[in-house]
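Visitor: This is the content of structure.txt (compact mmCIF, C-alpha atoms):
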```txt
# COMPACT_ATOMS: atom_id res chain seq x y z
CA MET H 10 -19.43 -29.86 -14.19
CA SER H 11 -16.76 -27.21 -14.59
CA PRO H 12 -17.75 -23.72 -13.52
CA LYS H 13 -19.16 -21.45 -16.17
CA THR H 14 -17.42 -18.47 -17.67
CA ALA H 15 -18.69 -16.00 -20.25
CA GLN H 16 -18.95 -17.36 -23.79
CA ILE H 17 -17.08 -15.50 -26.48
CA ARG H 18 -19.97 -15.81 -28.92
CA LEU H 19 -22.17 -13.96 -26.40
CA VAL H 20 -19.68 -11.17 -25.71
CA SER H 21 -20.82 -8.01 -27.40
CA SER H 22 -18.47 -5.71 -29.32
CA HIS H 23 -17.94 -2.20 -30.63
CA PRO H 24 -15.08 -0.74 -32.73
CA GLU H 25 -14.02 1.46 -29.80
CA VAL H 26 -14.04 -1.33 -27.19
CA TYR H 27 -11.22 -3.77 -26.42
CA GLU H 28 -12.23 -7.32 -27.26
CA PRO H 29 -11.41 -10.24 -24.99
CA CYS H 30 -7.83 -11.25 -25.67
CA ASP H 31 -5.01 -13.30 -24.09
CA ASP H 32 -4.85 -10.99 -21.09
CA SER H 33 -8.61 -11.23 -20.46
CA PHE H 34 -8.48 -15.02 -20.75
CA ALA H 35 -5.51 -15.21 -18.40
CA LEU H 36 -7.35 -13.07 -15.83
CA VAL H 37 -10.46 -15.27 -16.01
CA ASP H 38 -8.24 -18.38 -15.77
CA ALA H 39 -6.69 -16.90 -12.62
CA LEU H 40 -10.13 -16.31 -11.12
CA LEU H 41 -11.12 -19.87 -12.04
CA ALA H 42 -7.92 -21.26 -10.54
CA ASP H 43 -8.67 -19.38 -7.32
CA ARG H 44 -12.44 -19.89 -7.45
CA THR H 45 -12.69 -22.30 -4.53
CA ASN H 46 -10.78 -19.83 -2.37
CA ILE H 47 -13.04 -17.00 -3.51
CA LEU H 48 -16.14 -19.03 -2.65
CA ASP H 49 -14.76 -19.78 0.85
CA HIS H 50 -13.96 -16.08 1.13
CA CYS H 51 -17.68 -15.19 0.75
CA PRO H 52 -17.29 -11.82 -0.97
CA ARG H 53 -20.23 -9.41 -0.75
CA LEU H 54 -18.98 -6.67 -3.05
CA CYS H 55 -16.88 -7.22 -6.15
CA LEU H 56 -15.48 -4.52 -8.41
CA GLU H 57 -13.90 -4.62 -11.82
CA VAL H 58 -11.99 -1.52 -12.89
CA GLY H 59 -11.88 -1.17 -16.66
CA CYS H 60 -14.48 -3.74 -17.69
CA GLY H 61 -14.13 -3.27 -21.47
CA SER H 62 -16.29 -5.84 -23.25
CA GLY H 63 -17.63 -7.20 -19.96
CA TYR H 64 -16.06 -10.63 -20.50
CA VAL H 65 -14.31 -10.70 -17.11
CA ILE H 66 -17.09 -9.32 -14.89
CA ALA H 67 -19.64 -11.59 -16.61
CA SER H 68 -17.32 -14.56 -16.05
CA LEU H 69 -16.82 -13.65 -12.39
CA ALA H 70 -20.57 -13.32 -11.84
CA LEU H 71 -21.16 -16.65 -13.61
CA MET H 72 -18.49 -18.59 -11.76
CA LEU H 73 -19.61 -17.34 -8.34
CA GLY H 74 -23.32 -16.96 -8.97
CA GLN H 75 -24.42 -20.54 -8.43
CA GLU H 76 -22.89 -20.90 -4.98
CA LEU H 77 -22.90 -17.27 -3.96
CA PRO H 78 -26.09 -15.52 -4.95
CA GLY H 79 -26.61 -12.01 -3.64
CA VAL H 80 -23.14 -10.69 -4.41
CA TYR H 81 -23.14 -7.09 -5.62
CA TYR H 82 -20.95 -6.40 -8.64
CA PHE H 83 -19.66 -3.01 -9.73
CA ALA H 84 -17.87 -2.48 -13.04
CA THR H 85 -16.30 0.80 -14.14
CA ASP H 86 -14.73 1.99 -17.36
CA ILE H 87 -13.55 5.38 -18.58
CA ASN H 88 -14.97 4.57 -22.03
CA ALA H 89 -18.76 4.98 -22.24
CA HIS H 90 -18.95 2.60 -25.22
CA ALA H 91 -17.39 -0.12 -23.07
CA LEU H 92 -20.17 0.11 -20.51
CA ARG H 93 -22.87 -0.25 -23.13
CA VAL H 94 -21.07 -3.29 -24.54
CA THR H 95 -20.64 -4.69 -21.02
CA ARG H 96 -24.37 -4.27 -20.41
CA GLU H 97 -25.11 -6.31 -23.55
CA THR H 98 -22.60 -8.98 -22.54
CA LEU H 99 -24.09 -9.24 -19.05
CA ASP H 100 -27.64 -9.41 -20.42
CA ALA H 101 -26.64 -12.15 -22.88
CA HIS H 102 -25.41 -14.23 -19.93
CA ALA H 103 -28.35 -13.35 -17.67
CA VAL H 104 -26.10 -11.84 -14.98
CA ASP H 105 -26.02 -8.32 -13.64
CA ALA H 106 -23.60 -5.68 -12.42
CA GLU H 107 -23.82 -2.00 -11.67
CA LEU H 108 -22.04 -0.12 -14.43
CA LEU H 109 -20.40 3.24 -13.91
CA CYS H 110 -18.56 5.47 -16.34
CA MET H 111 -15.65 6.92 -14.37
CA ASP H 112 -11.89 7.20 -14.16
CA ILE H 113 -10.74 4.13 -12.15
CA ALA H 114 -13.16 4.34 -9.20
CA SER H 115 -13.44 8.09 -8.76
CA GLY H 116 -16.88 8.69 -7.29
CA LEU H 117 -16.85 5.43 -5.33
CA GLU H 118 -13.64 6.04 -3.43
CA LYS H 119 -15.15 7.91 -0.50
CA ARG H 120 -18.19 5.83 0.33
CA LEU H 121 -17.01 2.42 -0.82
CA ALA H 122 -13.69 2.63 1.06
CA GLY H 123 -12.87 -0.59 2.88
CA MET H 124 -15.85 -2.48 1.45
CA VAL H 125 -14.64 -4.27 -1.67
CA ASP H 126 -13.88 -7.96 -1.11
CA VAL H 127 -12.73 -8.86 -4.62
CA MET H 128 -11.27 -6.37 -7.07
CA VAL H 129 -10.17 -7.37 -10.57
CA VAL H 130 -8.20 -5.21 -12.96
CA ASN H 131 -6.83 -5.71 -16.43
CA PRO H 132 -5.22 -2.29 -16.62
CA PRO H 133 -3.89 -0.46 -19.67
CA TYR H 134 -0.34 -1.80 -19.33
CA VAL H 135 1.23 -1.30 -22.76
CA PRO H 136 4.23 1.05 -22.68
CA THR H 137 3.35 4.16 -24.69
CA PRO H 138 4.29 7.83 -24.71
CA ASP H 139 2.60 9.46 -21.70
CA TYR H 140 0.48 11.74 -23.87
CA GLU H 141 -1.39 8.69 -25.17
CA VAL H 142 -2.68 7.82 -21.71
CA GLY H 143 -6.31 8.57 -20.93
CA ARG H 144 -7.32 9.30 -24.50
CA GLU H 145 -10.86 8.67 -25.54
CA GLY H 146 -12.01 5.38 -26.98
CA ILE H 147 -10.12 2.14 -27.31
CA ALA H 148 -6.69 3.67 -26.64
CA SER H 149 -7.71 3.97 -22.98
CA ALA H 150 -7.81 0.16 -22.87
CA TRP H 151 -4.09 -0.29 -23.52
CA ALA H 152 -2.12 2.99 -23.36
CA GLY H 153 -0.09 2.67 -20.17
CA GLY H 154 2.49 5.44 -20.44
CA GLU H 155 6.10 4.96 -19.37
CA ASN H 156 6.80 1.25 -18.77
CA GLY H 157 3.03 0.81 -18.96
CA ARG H 158 2.85 1.95 -15.35
CA SER H 159 1.03 5.31 -15.50
CA VAL H 160 -2.44 3.95 -14.85
CA ILE H 161 -1.33 0.94 -12.78
CA ASP H 162 0.42 3.28 -10.36
CA ARG H 163 -2.80 5.27 -9.97
CA ILE H 164 -4.88 2.12 -9.46
CA LEU H 165 -2.76 0.67 -6.62
CA PRO H 166 -3.61 3.35 -3.99
CA VAL H 167 -7.27 3.20 -5.04
CA ALA H 168 -7.25 -0.57 -4.50
CA ASP H 169 -5.65 -0.06 -1.08
CA ARG H 170 -8.41 2.39 -0.19
CA LEU H 171 -11.33 0.32 -1.48
CA LEU H 172 -10.37 -3.19 -0.39
CA SER H 173 -11.91 -4.54 2.79
CA ASP H 174 -9.65 -6.01 5.48
CA LYS H 175 -10.10 -9.40 3.84
CA GLY H 176 -10.14 -7.93 0.31
CA TRP H 177 -8.26 -9.45 -2.61
CA LEU H 178 -6.96 -7.75 -5.74
CA TYR H 179 -6.28 -9.64 -8.96
CA MET H 180 -4.31 -7.65 -11.50
CA VAL H 181 -2.84 -8.34 -14.93
CA THR H 182 0.71 -7.16 -15.44
CA LEU H 183 3.28 -7.41 -18.18
CA THR H 184 6.96 -8.19 -17.57
CA THR H 185 7.76 -4.69 -18.83
CA ASN H 186 5.64 -3.27 -16.00
CA ASP H 187 8.22 -4.64 -13.52
CA PRO H 188 5.75 -6.75 -11.53
CA SER H 189 8.23 -7.50 -8.74
CA GLN H 190 8.54 -3.77 -8.11
CA ILE H 191 4.72 -3.51 -8.07
CA CYS H 192 4.69 -6.26 -5.45
CA LEU H 193 7.27 -4.39 -3.39
CA LEU H 194 5.19 -1.20 -3.61
CA MET H 195 2.14 -3.12 -2.40
CA ARG H 196 4.22 -4.81 0.28
CA LYS H 197 4.98 -1.37 1.71
CA LYS H 198 1.22 -0.89 1.98
CA GLY H 199 0.97 -4.21 3.88
CA TYR H 200 0.04 -6.59 1.07
CA ALA H 201 1.35 -10.03 0.33
CA SER H 202 1.25 -11.18 -3.26
CA ARG H 203 1.29 -14.34 -5.34
CA ILE H 204 1.35 -15.08 -9.03
CA VAL H 205 -1.82 -17.01 -9.82
CA VAL H 206 -1.30 -17.44 -13.56
CA GLN H 207 1.68 -16.80 -15.79
CA ARG H 208 1.30 -16.92 -19.53
CA SER H 209 3.72 -16.22 -22.33
CA THR H 210 2.90 -15.43 -25.89
CA GLU H 211 5.35 -14.59 -28.64
CA GLU H 212 4.92 -10.91 -27.87
CA GLU H 213 4.51 -10.67 -24.16
CA SER H 214 4.69 -12.40 -20.84
CA LEU H 215 1.68 -11.85 -18.60
CA HIS H 216 1.36 -12.38 -14.87
CA ILE H 217 -1.90 -12.37 -13.00
CA ILE H 218 -0.97 -11.33 -9.49
CA LYS H 219 -3.15 -11.65 -6.44
CA PHE H 220 -2.68 -9.21 -3.56
CA TRP H 221 -4.06 -9.48 -0.04
CA ARG H 222 -3.51 -7.74 3.27
CA ASP H 223 -1.14 -9.62 5.50
CA SER H 224 -0.83 -8.66 9.16
CA ASP H 225 2.75 -9.98 9.37
CA ILE H 226 3.74 -7.60 6.61
CA GLN H 227 2.13 -4.73 8.45
CA LEU H 228 4.42 -5.58 11.35
CA ASP H 229 7.35 -5.59 8.93
CA THR H 230 6.27 -2.21 7.67
CA LYS H 231 6.25 -0.84 11.20
CA GLU H 232 9.73 -2.24 11.68
CA ILE H 233 10.76 -0.43 8.55
CA LEU H 234 9.31 2.79 9.88
CA THR H 235 10.99 2.49 13.26
CA THR H 236 14.33 1.28 12.00
CA ASN H 237 14.17 3.44 8.91
CA LYS H 238 15.36 0.64 6.67
CA SER H 239 14.05 -0.35 3.29
CA VAL H 240 12.10 -3.56 2.72
CA PRO H 241 13.69 -6.44 4.69
CA ALA H 242 16.19 -8.36 2.61
CA ARG H 243 14.41 -11.69 3.01
CA VAL H 244 11.22 -10.18 1.59
CA LYS H 245 13.06 -8.89 -1.41
CA ASP H 246 14.68 -12.29 -1.90
CA SER H 247 11.38 -14.12 -1.83
CA LEU H 248 9.77 -11.73 -4.31
CA VAL H 249 12.69 -11.90 -6.65
CA SER H 250 12.73 -15.69 -6.53
CA GLN H 251 9.00 -15.78 -7.26
CA PHE H 252 9.54 -13.87 -10.45
CA SER H 253 12.81 -15.48 -11.44
CA GLN H 254 10.98 -18.81 -11.53
CA LEU H 255 9.07 -17.37 -14.41
CA SER H 256 11.93 -17.33 -16.86
CA PHE H 257 12.07 -21.05 -16.25
CA TRP H 258 8.46 -21.41 -17.35
CA ARG H 259 8.63 -19.05 -20.27
CA GLY H 260 7.71 -20.58 -23.60
CA THR H 261 4.89 -22.74 -22.31
CA ASN H 262 1.34 -21.64 -22.80
CA SER H 263 -0.03 -21.35 -19.35
CA ASN H 264 0.87 -22.24 -15.80
CA CYS H 265 -1.15 -22.03 -12.67
CA LEU H 266 1.45 -21.74 -9.97
CA MET E 10 -28.47 2.56 -11.32
CA ARG E 11 -29.75 1.10 -8.08
CA LEU E 12 -30.09 3.09 -4.89
CA PHE E 13 -27.42 0.99 -3.20
CA THR E 14 -25.02 2.37 -5.78
CA HIS E 15 -26.41 5.85 -5.28
CA ASN E 16 -25.65 5.48 -1.58
CA MET E 17 -22.01 4.67 -2.43
CA LEU E 18 -21.47 7.43 -5.00
CA SER E 19 -20.22 10.93 -4.40
CA SER E 20 -19.21 13.89 -6.49
CA ASN E 21 -15.46 13.93 -6.86
CA ILE E 22 -15.06 17.37 -8.38
CA LYS E 23 -11.94 19.27 -7.29
CA GLY E 24 -12.71 21.48 -4.31
CA VAL E 25 -15.93 19.72 -3.34
CA ALA E 26 -15.77 18.91 0.37
CA ASN E 27 -18.30 16.12 0.73
CA GLY E 28 -20.18 15.71 -2.52
CA PHE E 29 -22.78 13.42 -0.95
CA PRO E 30 -25.57 12.60 -1.44
CA LEU E 31 -26.01 13.31 -5.11
CA ARG E 32 -29.47 14.69 -5.78
CA ILE E 33 -31.46 12.55 -8.18
CA GLU E 34 -33.32 13.94 -11.17
CA VAL E 35 -35.72 11.36 -12.53
CA ASP E 36 -36.75 10.95 -16.14
CA GLN E 37 -37.46 7.25 -15.96
CA VAL E 38 -37.47 4.67 -13.17
CA VAL E 39 -37.50 0.95 -13.91
CA GLU E 40 -38.32 -1.80 -11.41
CA LYS E 41 -36.62 -5.18 -11.75
CA GLN E 42 -37.34 -7.99 -9.34
CA VAL E 43 -34.29 -9.71 -7.89
CA ASP E 44 -33.91 -12.54 -5.37
CA PHE E 45 -34.17 -11.57 -1.73
CA HIS E 46 -30.91 -12.02 0.23
CA PRO E 47 -31.41 -10.80 3.79
CA ASP E 48 -27.76 -11.46 4.71
CA PHE E 49 -26.62 -8.94 2.14
CA LEU E 50 -29.01 -6.35 3.57
CA ARG E 51 -27.93 -7.03 7.15
CA ASN E 52 -24.29 -6.70 6.15
CA MET E 53 -24.74 -3.49 4.22
CA PHE E 54 -27.14 -1.79 6.62
CA PRO E 55 -24.38 -0.36 8.88
CA LYS E 56 -22.70 1.16 5.80
CA LEU E 57 -25.79 2.98 4.55
CA GLU E 58 -26.46 6.67 4.92
CA TRP E 59 -30.07 6.19 5.86
CA LYS E 60 -31.43 9.66 5.21
CA ALA E 61 -29.84 9.73 1.77
CA LEU E 62 -31.53 6.43 0.99
CA VAL E 63 -34.94 7.54 2.23
CA ASP E 64 -34.76 10.76 0.22
CA ALA E 65 -33.52 8.98 -2.89
CA ALA E 66 -36.27 6.35 -2.67
CA ARG E 67 -38.85 9.08 -2.27
CA THR E 68 -37.52 10.88 -5.34
CA MET E 69 -37.92 7.62 -7.22
CA GLY E 70 -41.53 7.35 -6.03
CA TYR E 71 -41.08 4.83 -3.20
CA THR E 72 -42.24 6.14 0.17
CA GLU E 73 -42.41 3.00 2.33
CA LEU E 74 -39.06 3.38 4.11
CA PRO E 75 -39.24 4.71 7.69
CA GLU E 76 -37.65 8.12 8.35
CA GLU E 77 -35.27 6.55 10.81
CA ALA E 78 -33.91 3.08 11.13
CA ASP E 79 -31.73 1.16 13.56
CA SER E 80 -30.25 -2.31 13.49
CA SER E 81 -33.03 -3.81 15.64
CA MET E 82 -35.33 -3.38 12.64
CA LEU E 83 -33.25 -5.94 10.74
CA GLU E 84 -35.18 -8.59 12.71
CA SER E 85 -38.32 -7.68 10.81
CA GLU E 86 -38.85 -9.37 7.47
CA GLU E 87 -41.27 -6.65 6.48
CA PHE E 88 -38.58 -4.03 6.97
CA LEU E 89 -35.99 -6.12 5.13
CA ARG E 90 -38.34 -6.57 2.16
CA LYS E 91 -38.82 -2.82 1.92
CA LEU E 92 -35.10 -2.22 2.21
CA HIS E 93 -34.47 -4.86 -0.47
CA HIS E 94 -36.91 -3.19 -2.83
CA ALA E 95 -35.51 0.30 -2.27
CA LEU E 96 -31.84 -0.69 -2.49
CA LEU E 97 -31.86 -3.29 -5.24
CA GLU E 98 -35.03 -3.25 -7.30
CA LEU E 99 -35.51 0.41 -8.17
CA HIS E 100 -33.32 1.56 -11.04
CA LEU E 101 -32.77 5.07 -12.26
CA GLU E 102 -32.83 4.30 -15.98
CA GLU E 103 -32.79 7.85 -17.34
CA GLY E 104 -32.08 11.05 -15.47
CA ALA E 105 -29.21 12.75 -13.73
CA LEU E 106 -27.24 12.90 -10.52
CA VAL E 107 -26.58 16.41 -9.26
CA CYS E 108 -23.58 17.41 -7.15
CA PRO E 109 -25.00 18.88 -3.91
CA GLU E 110 -22.28 21.53 -3.73
CA THR E 111 -21.72 22.69 -7.31
CA GLY E 112 -24.96 21.76 -9.03
CA ARG E 113 -22.96 19.95 -11.73
CA LYS E 114 -25.11 17.31 -13.40
CA PHE E 115 -23.89 13.81 -14.10
CA PRO E 116 -26.17 12.24 -16.72
CA VAL E 117 -27.62 8.76 -16.30
CA ASN E 118 -28.46 7.04 -19.60
CA LYS E 119 -29.63 3.47 -19.99
CA GLY E 120 -29.06 3.04 -16.28
CA ILE E 121 -25.37 4.00 -16.48
CA PRO E 122 -24.21 7.11 -14.59
CA ASN E 123 -21.49 9.08 -16.34
CA MET E 124 -19.28 10.41 -13.55
CA LEU E 125 -16.40 11.46 -15.79
CA LEU E 126 -15.01 14.85 -14.88
CA HIS E 127 -13.92 17.60 -17.24
CA GLU E 128 -10.25 18.53 -17.18
CA ASP E 129 -10.85 21.65 -15.10
CA GLU E 130 -12.77 19.62 -12.48
CA VAL E 131 -9.98 17.14 -11.71
```
So, in terms of structure tokens, how does the structure I just supplied come out?

Guide:
Amino acid sequence: MSPKTAQIRLVSSHPEVYEPCDDSFALVDALLADRTNILDHCPRLCLEVGCGSGYVIASLALMLGQELPGVYYFATDINAHALRVTRETLDAHAVDAELLCMDIASGLEKRLAGMVDVMVVNPPYVPTPDYEVGREGIASAWAGGENGRSVIDRILPVADRLLSDKGWLYMVTLTTNDPSQICLLMRKKGYASRIVVQRSTEEESLHIIKFWRDSDIQLDTKEILTTNKSVPARVKDSLVSQFSQLSFWRGTNSNCL
Amino acid sequence: MRLFTHNMLSSNIKGVANGFPLRIEVDQVVEKQVDFHPDFLRNMFPKLEWKALVDAARTMGYTELPEEADSSMLESEEFLRKLHHALLELHLEEGALVCPETGRKFPVNKGIPNMLLHEDEV
């Protein structure tokens, strides 16, 4: 039997809440593709930032729940409507998560630092004028500012703070967000990265990227500090090649790499 | 909102030094039974601020937690059951969380704390 995910017909909705769409499906597909690894990883605390309709956090709880009972799920959103919709979606699937209305993870950052084993984010990544970022209601689900990076760039240090030593981050990005540069930024914080799912539609090309702490990279980072050089050339090459593969795949529906 | 979450939350208002623990104002508490997972409790115990938990549980009407606790108590099923109940089965359904330093209230409605800050608090 294939693992369960949330059912669209059971996902609640509200005019001010982003409905599950290609990006949500791609993120859940990435979690499914990596599910066996996540189960082996035995997470205790999982966090979704920006839960919207609740489709992703409900799916995560469903796909892990059978084998891993007793995992604690947090889900945050800046939009209060989203949390009420998420509650209904969770109830309809008989799973549970702690819901918090906050900006990213403000309010959890101090006490939950270093404790989150799995963090999932489908950030507002659509390039918009900066003044549209952080507006009330559904705009907060997509308005990403310049290059769609305004909120992403605020989420990355929060992820670094919250993730446990073995913690993993799964994040949706758009080609316009310059994902290879995001990976380089995270690499400077000691994270390795991998594209779990790549998906192209007529309008956009999405990557679901997984980040994890890598002790070898931390050594590299120290080298960088002591030698005062930028990221080692071979690292840059490998990141670039990872993303250049994507143009090769573009046009197909979905690829788990 | 469960008390485990309460134990992980702090007030993030600009200028607040610690912001923990948030004082709880209770309008309604709901109890929901959930499966007992002692491993989760053992893993989380070292991360808990015990006094904050005891005080919060008391505010919610549960007085069975000992004033002090150490890891040797995790051997006792009786203790674990009490910890399980306090951390995971008591929900603040309606009420507020109050910043210990500024007195600012964060409302809790339908079990969801609203920790959003006003522009002048960020």

Visitor: For chain H against chain E, with a cut-off of 7 Å and counting only C-alpha atoms, what is the closest atom pair and its distance in Å to one decimal for every residue that makes the cut, ordered by chain and number, as a Markdown table?

Guide:
```
| residue | atom | partner | partner_atom | distance |
| --- | --- | --- | --- | --- |
| H:Gly79 | CA | E:His46 | CA | 5.8 |
| H:Glu107 | CA | E:Met10 | CA | 6.5 |
| H:Leu108 | CA | E:Ile121 | CA | 5.7 |
| H:Leu109 | CA | E:Pro122 | CA | 5.5 |
| H:Cys110 | CA | E:Asn123 | CA | 4.6 |
| H:Met111 | CA | E:Leu125 | CA | 4.8 |
| H:Asp112 | CA | E:Leu125 | CA | 6.4 |
| H:Ser115 | CA | E:Asn21 | CA | 6.5 |
| H:Gly116 | CA | E:Ser19 | CA | 5.0 |
| H:Leu117 | CA | E:Leu18 | CA | 5.0 |
| H:Arg120 | CA | E:Met17 | CA | 4.9 |
| H:Leu121 | CA | E:Met17 | CA | 5.7 |
```

Visitor: Write out as a list in words each polymer residue whose atoms come within 12 Å of Asp43 of chain H, counting all atoms listed in the file; drop sequence neighbours fewer than 6 positions from it.

Guide: Pro12, Leu36, Val37, Asp49, His50, Leu69, Met72, Leu73, Val127, Trp177, Leu178, Tyr179, Arg203, Ile204, Val205, Val206, Ile217, Ile218, Lys219, Cys265 and Leu266 of chain H

Visitor: How many Å separate atom CA of Ala89 of chain H from atom CA of Asp64 of chain E?

Guide: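 Between atom CA of Ala89 of chain H and atom CA of Asp64 of chain E the gap works out to 28.2 Å.
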
Visitor: List the spatial neighbours of Leu56 of chain H as an MDAnalysis selection string - criterion: any atom at most 6 Å away, all atoms listed in the file, same-chain residues fewer than 3 positions off excluded.

Guide: chainID H and resid 82:84 128

Visitor: Could you please determine the separation between atom CA of Leu62 of chain E and atom CA of Leu12 of chain E in Å, to one decimal place?

Guide: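 So the two atoms, atom CA of Leu62 of chain E and atom CA of Leu12 of chain E, lie 6.9 Å apart.
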
Visitor: Neighbours of Gly112 of chain E within 12 Å (only C-alpha atoms; same-chain residues fewer than 2 positions away dropped), as a ChimeraX atom specification?

Guide: /E:20,22,25,28-34,105-110,114-115

Visitor: Can you pull out every residue within 9 Å of segment 78-83 of chain E, counting all atoms listed in the file, but drop anything in the same chain fewer than 5 positions away, and send it as a list in words?

Guide: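 Using all atoms listed in the file, the neighbours found are Pro47, Leu50, Arg51, Phe54, Pro55, Trp59, Phe88 and Leu89 of chain E.
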
Visitor: So which residues touch Thr14 of chain H within 12 Å, counting only C-alpha atoms, skipping near sequence neighbours fewer than 2 positions away, as number ranges by chain?

Guide: H: 11-12, 16-20, 33-34, 36-41, 44, 63-75, 98-99, 102, 104

Visitor: Which value, in Å to one decimal, gives the distance between atom CA of Glu155 of chain H and atom CA of Cys55 of chain H?

Guide: 29.2 Å
